[in-house]
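Inspection log for the structure reproduced underneath, given as structure tokens.
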Amino acid sequence: FPSHEGSGSYAYITGTLNNPGQYQTACASASGNASALYLGGSGLTTFVFADATTPIQFELRITFKLNQTNVTRFRLGLTNDIASVLPGRGEYLRYDTSSGDTHFMAVVKDGGAEAATSLGVAVDTNWHTLRIRNTGTNLQYKMSMNTSGGAFGNEVTATNTNSVGGITRYICGIVGNDATAAAKSFILDAVILRATVTR
């Protein structure tokens with residue numbers, strides 16, 4: 001279920017043939033503003049993707065599109081921080097013109113600086129699907145994305161070293177403007193999570 005942070009607008013919009021369920025999140029037309037859409041209504045409904053020793057194998061896919069590429073700050077994926085366009089910890093996709101990005105970037109962050117690697121996909125306003133997964137190594141995340149519905153491209157593998165207090169996550173999208181008084185927005189189409197758990 002969706003919950004929101006920040007000041008902005010949130011709306012279901014008319015779907016299209018290949019993307020039937022569209023939900024748009026926009027930040028307000030105020031300098032430095034950001035808005036977030038996340039799965040989870042409280043601190044009790046976050047997801048646990050690992051513990052200090054044991055990996056949880058999972059695959060997360062998120063289908064989305066940006067509505068603009070100019071002067072935009074954007075994060076999409078897993079984070080423990082939904083109150084800022086710059087999360088404290090997480091494993092996520094980044095496009096941020098304040099960082100000089102021209103391609104979508106795979107990021108892990110451990111309370112310090114973002115460690116970012118290009119996914120090799122130039123930023124545009126087409127539909128893409130982001131894939132984040134763990135295949136059995138604790139705290140290791142594999143990230144890739146497709147281009148306009150095609151095959152997944154270059155997969156980046158990154159390890160997030162924080163295993164204390166940084167392993168619970170929201171599935172989250174955050175969009176903001178880079179110190180401009182103009183709204184920025186993205187559209188979410190689908191979120192699919194599959195995980196292997198022990199009962």
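Residues in the structure tokens are named by chain (A, B, ... in the order shown) and by number from 1 within that chain; ligands are numbered from 1 in the order shown.
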Could you give me, as a JSON list (two decimals) with N, CA, C and O atoms, in the first residue's frame, the residues within 12 Å of segment 11-16 of chain A, counting only C-alpha atoms and dropping anything in the same chain fewer than 4 positions from it?
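Final output, part_9.json:
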```
[["chain", "number", "residue", "atom", "x", "y", "z"],
["A", 2, "PRO", "N", 0.47, 2.30, -0.67],
["A", 2, "PRO", "CA", 1.31, 3.48, -0.79],
["A", 2, "PRO", "C", 1.16, 4.42, 0.39],
["A", 2, "PRO", "O", 0.09, 4.58, 0.95],
["A", 4, "HIS", "N", 2.97, 8.45, 1.63],
["A", 4, "HIS", "CA", 3.64, 9.57, 1.01],
["A", 4, "HIS", "C", 4.43, 10.38, 2.01],
["A", 4, "HIS", "O", 4.08, 10.49, 3.17],
["A", 20, "PRO", "N", -0.71, -0.64, -17.69],
["A", 20, "PRO", "CA", -2.10, -0.33, -17.35],
["A", 20, "PRO", "C", -2.32, 0.34, -16.01],
["A", 20, "PRO", "O", -3.33, 1.02, -15.82],
["A", 21, "GLY", "N", -1.41, 0.17, -15.04],
["A", 21, "GLY", "CA", -1.68, 0.69, -13.70],
["A", 21, "GLY", "C", -0.71, 1.77, -13.32],
["A", 21, "GLY", "O", 0.32, 1.50, -12.70],
["A", 22, "GLN", "N", -0.99, 3.01, -13.66],
["A", 22, "GLN", "CA", -0.01, 4.08, -13.48],
["A", 22, "GLN", "C", -0.37, 4.98, -12.30],
["A", 22, "GLN", "O", -1.52, 5.38, -12.14],
["A", 23, "TYR", "N", 0.67, 5.30, -11.53],
["A", 23, "TYR", "CA", 0.51, 6.17, -10.36],
["A", 23, "TYR", "C", 1.63, 7.18, -10.37],
["A", 23, "TYR", "O", 2.80, 6.82, -10.39],
["A", 24, "GLN", "N", 1.27, 8.46, -10.36],
["A", 24, "GLN", "CA", 2.25, 9.53, -10.50],
["A", 24, "GLN", "C", 2.51, 10.25, -9.18],
["A", 24, "GLN", "O", 1.58, 10.56, -8.45],
["A", 25, "THR", "N", 3.79, 10.48, -8.92],
["A", 25, "THR", "CA", 4.22, 11.23, -7.74],
["A", 25, "THR", "C", 4.99, 12.45, -8.21],
["A", 25, "THR", "O", 5.89, 12.34, -9.04],
["A", 26, "ALA", "N", 4.63, 13.62, -7.70],
["A", 26, "ALA", "CA", 5.30, 14.87, -8.09],
["A", 26, "ALA", "C", 5.64, 15.67, -6.86],
["A", 26, "ALA", "O", 4.87, 15.72, -5.89],
["A", 37, "LEU", "N", 7.15, 8.13, -2.54],
["A", 37, "LEU", "CA", 6.11, 7.12, -2.53],
["A", 37, "LEU", "C", 6.77, 5.83, -2.05],
["A", 37, "LEU", "O", 7.80, 5.41, -2.61],
["A", 127, "TRP", "N", 9.82, 4.13, -20.56],
["A", 127, "TRP", "CA", 9.58, 3.14, -19.53],
["A", 127, "TRP", "C", 10.80, 2.26, -19.34],
["A", 127, "TRP", "O", 11.45, 1.86, -20.31],
["A", 185, "SER", "N", 8.45, 14.96, -11.48],
["A", 185, "SER", "CA", 7.57, 13.83, -11.22],
["A", 185, "SER", "C", 8.07, 12.55, -11.89],
["A", 185, "SER", "O", 8.89, 12.59, -12.81],
["A", 186, "PHE", "N", 7.58, 11.42, -11.38],
["A", 186, "PHE", "CA", 7.81, 10.14, -12.02],
["A", 186, "PHE", "C", 6.54, 9.31, -11.91],
["A", 186, "PHE", "O", 5.67, 9.58, -11.09],
["A", 187, "ILE", "N", 6.44, 8.28, -12.77],
["A", 187, "ILE", "CA", 5.27, 7.42, -12.79],
["A", 187, "ILE", "C", 5.69, 5.99, -12.45],
["A", 187, "ILE", "O", 6.65, 5.47, -13.01],
["A", 188, "LEU", "N", 4.96, 5.39, -11.56],
["A", 188, "LEU", "CA", 5.17, 4.01, -11.17],
["A", 188, "LEU", "C", 4.11, 3.14, -11.84],
["A", 188, "LEU", "O", 2.92, 3.48, -11.82],
["A", 189, "ASP", "N", 4.55, 2.03, -12.45],
["A", 189, "ASP", "CA", 3.59, 1.13, -13.09],
["A", 189, "ASP", "C", 3.43, -0.17, -12.31],
["A", 189, "ASP", "O", 2.32, -0.63, -12.11],
["A", 190, "ALA", "N", 4.53, -0.79, -11.88],
["A", 190, "ALA", "CA", 4.41, -2.08, -11.21],
["A", 190, "ALA", "C", 5.58, -2.30, -10.27],
["A", 190, "ALA", "O", 6.70, -1.86, -10.53]]
```
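Assigned to strand (DSSP E or B) in segment 15-60 of chain A, given DSSP computed from backbone atoms, are Gln22, Tyr23, Gln24, Thr25, Ala26, Cys27, Ala34, Ser35, Ala36, Leu37, Tyr38, Leu39, Phe47, Val48, Ala50, Pro55, Phe58, Glu59 and Leu60 of chain A.
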- With a distance cut-off of 10 Å and only C-alpha atoms, select the neighbouring residues of Asn154 of chain A, excluding the residue or stretch itself and same-chain residues fewer than 5 positions from it, and output the selection as a PyMOL selection string. chain A and resi 118-121+143-146
Requested write-out: N, CA, C and O atoms of the selected residues, as an mmCIF file, in the first residue's frame:
```cif
data_model
loop_
_atom_site.group_PDB
_atom_site.id
_atom_site.type_symbol
_atom_site.label_atom_id
_atom_site.label_comp_id
_atom_site.auth_asym_id
_atom_site.auth_seq_id
_atom_site.Cartn_x
_atom_site.Cartn_y
_atom_site.Cartn_z
ATOM 1 N N SER A 118 27.687 3.345 -12.946
ATOM 2 C CA SER A 118 26.744 3.493 -14.047
ATOM 3 C C SER A 118 26.180 2.143 -14.473
ATOM 4 O O SER A 118 26.901 1.147 -14.570
ATOM 5 N N LEU A 119 24.877 2.123 -14.760
ATOM 6 C CA LEU A 119 24.232 0.940 -15.299
ATOM 7 C C LEU A 119 24.302 0.910 -16.828
ATOM 8 O O LEU A 119 23.797 -0.022 -17.458
ATOM 9 N N GLY A 120 24.890 1.942 -17.411
ATOM 10 C CA GLY A 120 25.072 1.979 -18.859
ATOM 11 C C GLY A 120 23.828 2.340 -19.643
ATOM 12 O O GLY A 120 23.781 2.136 -20.857
ATOM 13 N N VAL A 121 22.814 2.878 -18.967
ATOM 14 C CA VAL A 121 21.574 3.270 -19.625
ATOM 15 C C VAL A 121 21.432 4.783 -19.513
ATOM 16 O O VAL A 121 21.347 5.324 -18.408
ATOM 17 N N MET A 143 22.293 -5.147 -9.441
ATOM 18 C CA MET A 143 21.339 -4.197 -10.001
ATOM 19 C C MET A 143 21.502 -4.099 -11.508
ATOM 20 O O MET A 143 22.619 -4.048 -12.024
ATOM 21 N N SER A 144 20.375 -4.073 -12.197
ATOM 22 C CA SER A 144 20.358 -3.884 -13.640
ATOM 23 C C SER A 144 19.022 -3.270 -14.022
ATOM 24 O O SER A 144 18.104 -3.179 -13.200
ATOM 25 N N MET A 145 18.911 -2.847 -15.279
ATOM 26 C CA MET A 145 17.642 -2.324 -15.758
ATOM 27 C C MET A 145 17.526 -2.568 -17.252
ATOM 28 O O MET A 145 18.527 -2.839 -17.923
ATOM 29 N N ASN A 146 16.300 -2.510 -17.743
ATOM 30 C CA ASN A 146 16.114 -2.681 -19.176
ATOM 31 C C ASN A 146 15.850 -1.330 -19.831
ATOM 32 O O ASN A 146 15.677 -0.309 -19.158
#
```
Env of Glu114 of chain A: 12 Å cut, atoms = only C-alpha atoms, seq-sep filter 4 positions within chain, self excluded. Answer as a PDB file with all heavy atoms, in the first residue's frame.
```pdb
ATOM      1  N   ARG A  75      15.612   8.903  -6.703  1.00  0.00           N
ATOM      2  CA  ARG A  75      16.092   7.656  -6.138  1.00  0.00           C
ATOM      3  C   ARG A  75      14.961   6.641  -6.220  1.00  0.00           C
ATOM      4  O   ARG A  75      13.797   6.985  -5.983  1.00  0.00           O
ATOM      5  CB  ARG A  75      16.519   7.802  -4.665  1.00  0.00           C
ATOM      6  CG  ARG A  75      17.522   8.935  -4.351  1.00  0.00           C
ATOM      7  CD  ARG A  75      18.871   8.679  -4.949  1.00  0.00           C
ATOM      8  NE  ARG A  75      19.915   9.555  -4.465  1.00  0.00           N
ATOM      9  CZ  ARG A  75      20.140  10.805  -4.853  1.00  0.00           C
ATOM     10  NH1 ARG A  75      19.319  11.380  -5.716  1.00  0.00           N
ATOM     11  NH2 ARG A  75      21.175  11.489  -4.380  1.00  0.00           N
ATOM     12  N   LEU A  86      18.058  12.359  -0.354  1.00  0.00           N
ATOM     13  CA  LEU A  86      19.362  11.727  -0.197  1.00  0.00           C
ATOM     14  C   LEU A  86      19.282  10.783   1.002  1.00  0.00           C
ATOM     15  O   LEU A  86      19.572  11.167   2.134  1.00  0.00           O
ATOM     16  CB  LEU A  86      20.452  12.785   0.015  1.00  0.00           C
ATOM     17  CG  LEU A  86      21.884  12.273   0.068  1.00  0.00           C
ATOM     18  CD1 LEU A  86      22.268  11.580  -1.229  1.00  0.00           C
ATOM     19  CD2 LEU A  86      22.840  13.431   0.361  1.00  0.00           C
ATOM     20  N   PRO A  87      18.870   9.519   0.804  1.00  0.00           N
ATOM     21  CA  PRO A  87      18.660   8.598   1.931  1.00  0.00           C
ATOM     22  C   PRO A  87      19.941   8.346   2.718  1.00  0.00           C
ATOM     23  O   PRO A  87      21.053   8.456   2.200  1.00  0.00           O
ATOM     24  CB  PRO A  87      18.179   7.324   1.243  1.00  0.00           C
ATOM     25  CG  PRO A  87      17.675   7.758  -0.092  1.00  0.00           C
ATOM     26  CD  PRO A  87      18.528   8.918  -0.474  1.00  0.00           C
ATOM     27  N   GLY A  88      19.758   7.948   3.986  1.00  0.00           N
ATOM     28  CA  GLY A  88      20.906   7.655   4.831  1.00  0.00           C
ATOM     29  C   GLY A  88      21.570   6.341   4.491  1.00  0.00           C
ATOM     30  O   GLY A  88      22.794   6.214   4.515  1.00  0.00           O
ATOM     31  N   ARG A  89      20.759   5.320   4.163  1.00  0.00           N
ATOM     32  CA  ARG A  89      21.272   4.008   3.778  1.00  0.00           C
ATOM     33  C   ARG A  89      20.367   3.423   2.708  1.00  0.00           C
ATOM     34  O   ARG A  89      19.179   3.702   2.656  1.00  0.00           O
ATOM     35  CB  ARG A  89      21.318   3.051   4.978  1.00  0.00           C
ATOM     36  CG  ARG A  89      22.346   3.412   6.036  1.00  0.00           C
ATOM     37  CD  ARG A  89      22.436   2.300   7.090  1.00  0.00           C
ATOM     38  NE  ARG A  89      23.467   2.598   8.052  1.00  0.00           N
ATOM     39  CZ  ARG A  89      23.257   3.231   9.213  1.00  0.00           C
ATOM     40  NH1 ARG A  89      22.039   3.620   9.534  1.00  0.00           N
ATOM     41  NH2 ARG A  89      24.259   3.470  10.040  1.00  0.00           N
ATOM     42  N   GLY A  90      20.928   2.561   1.886  1.00  0.00           N
ATOM     43  CA  GLY A  90      20.085   1.883   0.920  1.00  0.00           C
ATOM     44  C   GLY A  90      20.837   1.308  -0.254  1.00  0.00           C
ATOM     45  O   GLY A  90      22.069   1.429  -0.368  1.00  0.00           O
ATOM     46  N   GLU A  91      20.063   0.672  -1.127  1.00  0.00           N
ATOM     47  CA  GLU A  91      20.544   0.073  -2.365  1.00  0.00           C
ATOM     48  C   GLU A  91      19.519   0.474  -3.420  1.00  0.00           C
ATOM     49  O   GLU A  91      18.385  -0.014  -3.400  1.00  0.00           O
ATOM     50  CB  GLU A  91      20.635  -1.449  -2.239  1.00  0.00           C
ATOM     51  CG  GLU A  91      21.540  -1.921  -1.109  1.00  0.00           C
ATOM     52  CD  GLU A  91      20.894  -1.871   0.267  1.00  0.00           C
ATOM     53  OE1 GLU A  91      19.655  -2.073   0.361  1.00  0.00           O
ATOM     54  OE2 GLU A  91      21.608  -1.621   1.268  1.00  0.00           O
ATOM     55  N   TYR A  92      19.897   1.348  -4.330  1.00  0.00           N
ATOM     56  CA  TYR A  92      18.873   1.959  -5.164  1.00  0.00           C
ATOM     57  C   TYR A  92      19.443   2.513  -6.473  1.00  0.00           C
ATOM     58  O   TYR A  92      20.659   2.631  -6.661  1.00  0.00           O
ATOM     59  CB  TYR A  92      18.164   3.083  -4.404  1.00  0.00           C
ATOM     60  CG  TYR A  92      19.074   4.049  -3.682  1.00  0.00           C
ATOM     61  CD1 TYR A  92      19.661   5.125  -4.356  1.00  0.00           C
ATOM     62  CD2 TYR A  92      19.348   3.898  -2.325  1.00  0.00           C
ATOM     63  CE1 TYR A  92      20.496   6.016  -3.690  1.00  0.00           C
ATOM     64  CE2 TYR A  92      20.175   4.779  -1.657  1.00  0.00           C
ATOM     65  CZ  TYR A  92      20.745   5.844  -2.335  1.00  0.00           C
ATOM     66  OH  TYR A  92      21.569   6.721  -1.671  1.00  0.00           O
ATOM     67  N   LEU A  93      18.536   2.856  -7.346  1.00  0.00           N
ATOM     68  CA  LEU A  93      18.842   3.539  -8.594  1.00  0.00           C
ATOM     69  C   LEU A  93      18.915   5.034  -8.319  1.00  0.00           C
ATOM     70  O   LEU A  93      18.110   5.563  -7.544  1.00  0.00           O
ATOM     71  CB  LEU A  93      17.726   3.255  -9.600  1.00  0.00           C
ATOM     72  CG  LEU A  93      17.824   3.916 -10.971  1.00  0.00           C
ATOM     73  CD1 LEU A  93      18.763   3.114 -11.852  1.00  0.00           C
ATOM     74  CD2 LEU A  93      16.436   3.979 -11.612  1.00  0.00           C
ATOM     75  N   ARG A  94      19.867   5.705  -8.965  1.00  0.00           N
ATOM     76  CA  ARG A  94      19.972   7.159  -8.804  1.00  0.00           C
ATOM     77  C   ARG A  94      20.047   7.832 -10.166  1.00  0.00           C
ATOM     78  O   ARG A  94      20.749   7.373 -11.061  1.00  0.00           O
ATOM     79  CB  ARG A  94      21.236   7.517  -8.017  1.00  0.00           C
ATOM     80  CG  ARG A  94      21.388   9.027  -7.753  1.00  0.00           C
ATOM     81  CD  ARG A  94      22.721   9.351  -7.117  1.00  0.00           C
ATOM     82  NE  ARG A  94      23.796   9.467  -8.116  1.00  0.00           N
ATOM     83  CZ  ARG A  94      25.090   9.554  -7.826  1.00  0.00           C
ATOM     84  NH1 ARG A  94      25.475   9.496  -6.551  1.00  0.00           N
ATOM     85  NH2 ARG A  94      25.986   9.666  -8.785  1.00  0.00           N
ATOM     86  N   ASP A  96      20.560  11.973 -10.610  1.00  0.00           N
ATOM     87  CA  ASP A  96      20.625  13.216  -9.849  1.00  0.00           C
ATOM     88  C   ASP A  96      21.496  14.214 -10.607  1.00  0.00           C
ATOM     89  O   ASP A  96      22.715  14.047 -10.697  1.00  0.00           O
ATOM     90  CB  ASP A  96      21.202  12.932  -8.461  1.00  0.00           C
ATOM     91  CG  ASP A  96      20.981  14.079  -7.493  1.00  0.00           C
ATOM     92  OD1 ASP A  96      20.886  15.239  -7.944  1.00  0.00           O
ATOM     93  OD2 ASP A  96      20.908  13.824  -6.275  1.00  0.00           O
ATOM     94  N   SER A  99      24.497  15.686  -8.986  1.00  0.00           N
ATOM     95  CA  SER A  99      25.712  14.870  -8.963  1.00  0.00           C
ATOM     96  C   SER A  99      26.334  14.741 -10.351  1.00  0.00           C
ATOM     97  O   SER A  99      27.306  14.013 -10.529  1.00  0.00           O
ATOM     98  CB  SER A  99      25.393  13.471  -8.419  1.00  0.00           C
ATOM     99  OG  SER A  99      24.929  13.539  -7.094  1.00  0.00           O
ATOM    100  N   MET A 105      22.323   5.306 -12.339  1.00  0.00           N
ATOM    101  CA  MET A 105      23.428   4.824 -11.525  1.00  0.00           C
ATOM    102  C   MET A 105      22.936   3.809 -10.493  1.00  0.00           C
ATOM    103  O   MET A 105      21.876   3.992  -9.885  1.00  0.00           O
ATOM    104  CB  MET A 105      24.103   5.989 -10.794  1.00  0.00           C
ATOM    105  CG  MET A 105      24.478   7.168 -11.681  1.00  0.00           C
ATOM    106  SD  MET A 105      25.760   6.778 -12.885  1.00  0.00           S
ATOM    107  CE  MET A 105      27.197   6.701 -11.802  1.00  0.00           C
ATOM    108  N   ALA A 106      23.709   2.742 -10.293  1.00  0.00           N
ATOM    109  CA  ALA A 106      23.458   1.783  -9.217  1.00  0.00           C
ATOM    110  C   ALA A 106      24.202   2.263  -7.983  1.00  0.00           C
ATOM    111  O   ALA A 106      25.408   2.531  -8.036  1.00  0.00           O
ATOM    112  CB  ALA A 106      23.933   0.400  -9.618  1.00  0.00           C
ATOM    113  N   VAL A 107      23.508   2.356  -6.861  1.00  0.00           N
ATOM    114  CA  VAL A 107      24.082   2.963  -5.658  1.00  0.00           C
ATOM    115  C   VAL A 107      23.905   2.048  -4.458  1.00  0.00           C
ATOM    116  O   VAL A 107      22.849   1.432  -4.275  1.00  0.00           O
ATOM    117  CB  VAL A 107      23.410   4.322  -5.365  1.00  0.00           C
ATOM    118  CG1 VAL A 107      23.819   4.858  -3.991  1.00  0.00           C
ATOM    119  CG2 VAL A 107      23.749   5.337  -6.446  1.00  0.00           C
ATOM    120  N   VAL A 108      24.944   1.949  -3.635  1.00  0.00           N
ATOM    121  CA  VAL A 108      24.798   1.476  -2.265  1.00  0.00           C
ATOM    122  C   VAL A 108      25.297   2.592  -1.357  1.00  0.00           C
ATOM    123  O   VAL A 108      26.262   3.289  -1.670  1.00  0.00           O
ATOM    124  CB  VAL A 108      25.572   0.161  -1.988  1.00  0.00           C
ATOM    125  CG1 VAL A 108      24.955  -0.991  -2.759  1.00  0.00           C
ATOM    126  CG2 VAL A 108      27.039   0.292  -2.301  1.00  0.00           C
ATOM    127  N   LYS A 109      24.591   2.753  -0.238  1.00  0.00           N
ATOM    128  CA  LYS A 109      24.980   3.796   0.712  1.00  0.00           C
ATOM    129  C   LYS A 109      24.909   3.227   2.115  1.00  0.00           C
ATOM    130  O   LYS A 109      23.934   2.561   2.485  1.00  0.00           O
ATOM    131  CB  LYS A 109      24.082   5.023   0.595  1.00  0.00           C
ATOM    132  CG  LYS A 109      24.593   6.191   1.433  1.00  0.00           C
ATOM    133  CD  LYS A 109      23.763   7.437   1.273  1.00  0.00           C
ATOM    134  CE  LYS A 109      24.397   8.583   2.073  1.00  0.00           C
ATOM    135  NZ  LYS A 109      23.521   9.778   2.092  1.00  0.00           N
ATOM    136  N   ASP A 110      25.935   3.519   2.902  1.00  0.00           N
ATOM    137  CA  ASP A 110      26.093   2.936   4.222  1.00  0.00           C
ATOM    138  C   ASP A 110      26.258   4.029   5.268  1.00  0.00           C
ATOM    139  O   ASP A 110      27.203   4.021   6.033  1.00  0.00           O
ATOM    140  CB  ASP A 110      27.304   1.994   4.198  1.00  0.00           C
ATOM    141  CG  ASP A 110      27.577   1.343   5.536  1.00  0.00           C
ATOM    142  OD1 ASP A 110      26.681   1.377   6.398  1.00  0.00           O
ATOM    143  OD2 ASP A 110      28.678   0.829   5.730  1.00  0.00           O
ATOM    144  N   ALA A 158      27.267  -4.927  -6.097  1.00  0.00           N
ATOM    145  CA  ALA A 158      27.810  -4.051  -5.062  1.00  0.00           C
ATOM    146  C   ALA A 158      27.468  -4.623  -3.697  1.00  0.00           C
ATOM    147  O   ALA A 158      26.407  -5.213  -3.502  1.00  0.00           O
ATOM    148  CB  ALA A 158      27.242  -2.639  -5.192  1.00  0.00           C
ATOM    149  N   ASN A 160      26.929  -3.772   0.344  1.00  0.00           N
ATOM    150  CA  ASN A 160      26.707  -2.734   1.345  1.00  0.00           C
ATOM    151  C   ASN A 160      27.202  -3.287   2.671  1.00  0.00           C
ATOM    152  O   ASN A 160      26.655  -4.249   3.202  1.00  0.00           O
ATOM    153  CB  ASN A 160      25.226  -2.356   1.427  1.00  0.00           C
ATOM    154  CG  ASN A 160      25.031  -1.031   2.130  1.00  0.00           C
ATOM    155  OD1 ASN A 160      25.900  -0.566   2.856  1.00  0.00           O
ATOM    156  ND2 ASN A 160      23.887  -0.405   1.907  1.00  0.00           N
TER     157      ASN A 160
END
```
- Polymer residues at most 12 Å from Ala195 of chain A, only C-alpha atoms, same-chain spacing of 2 or more positions, as a VMD selection string: chain A and resid 47 to 50 55 to 61 132 to 136 192 to 193 197 to 198
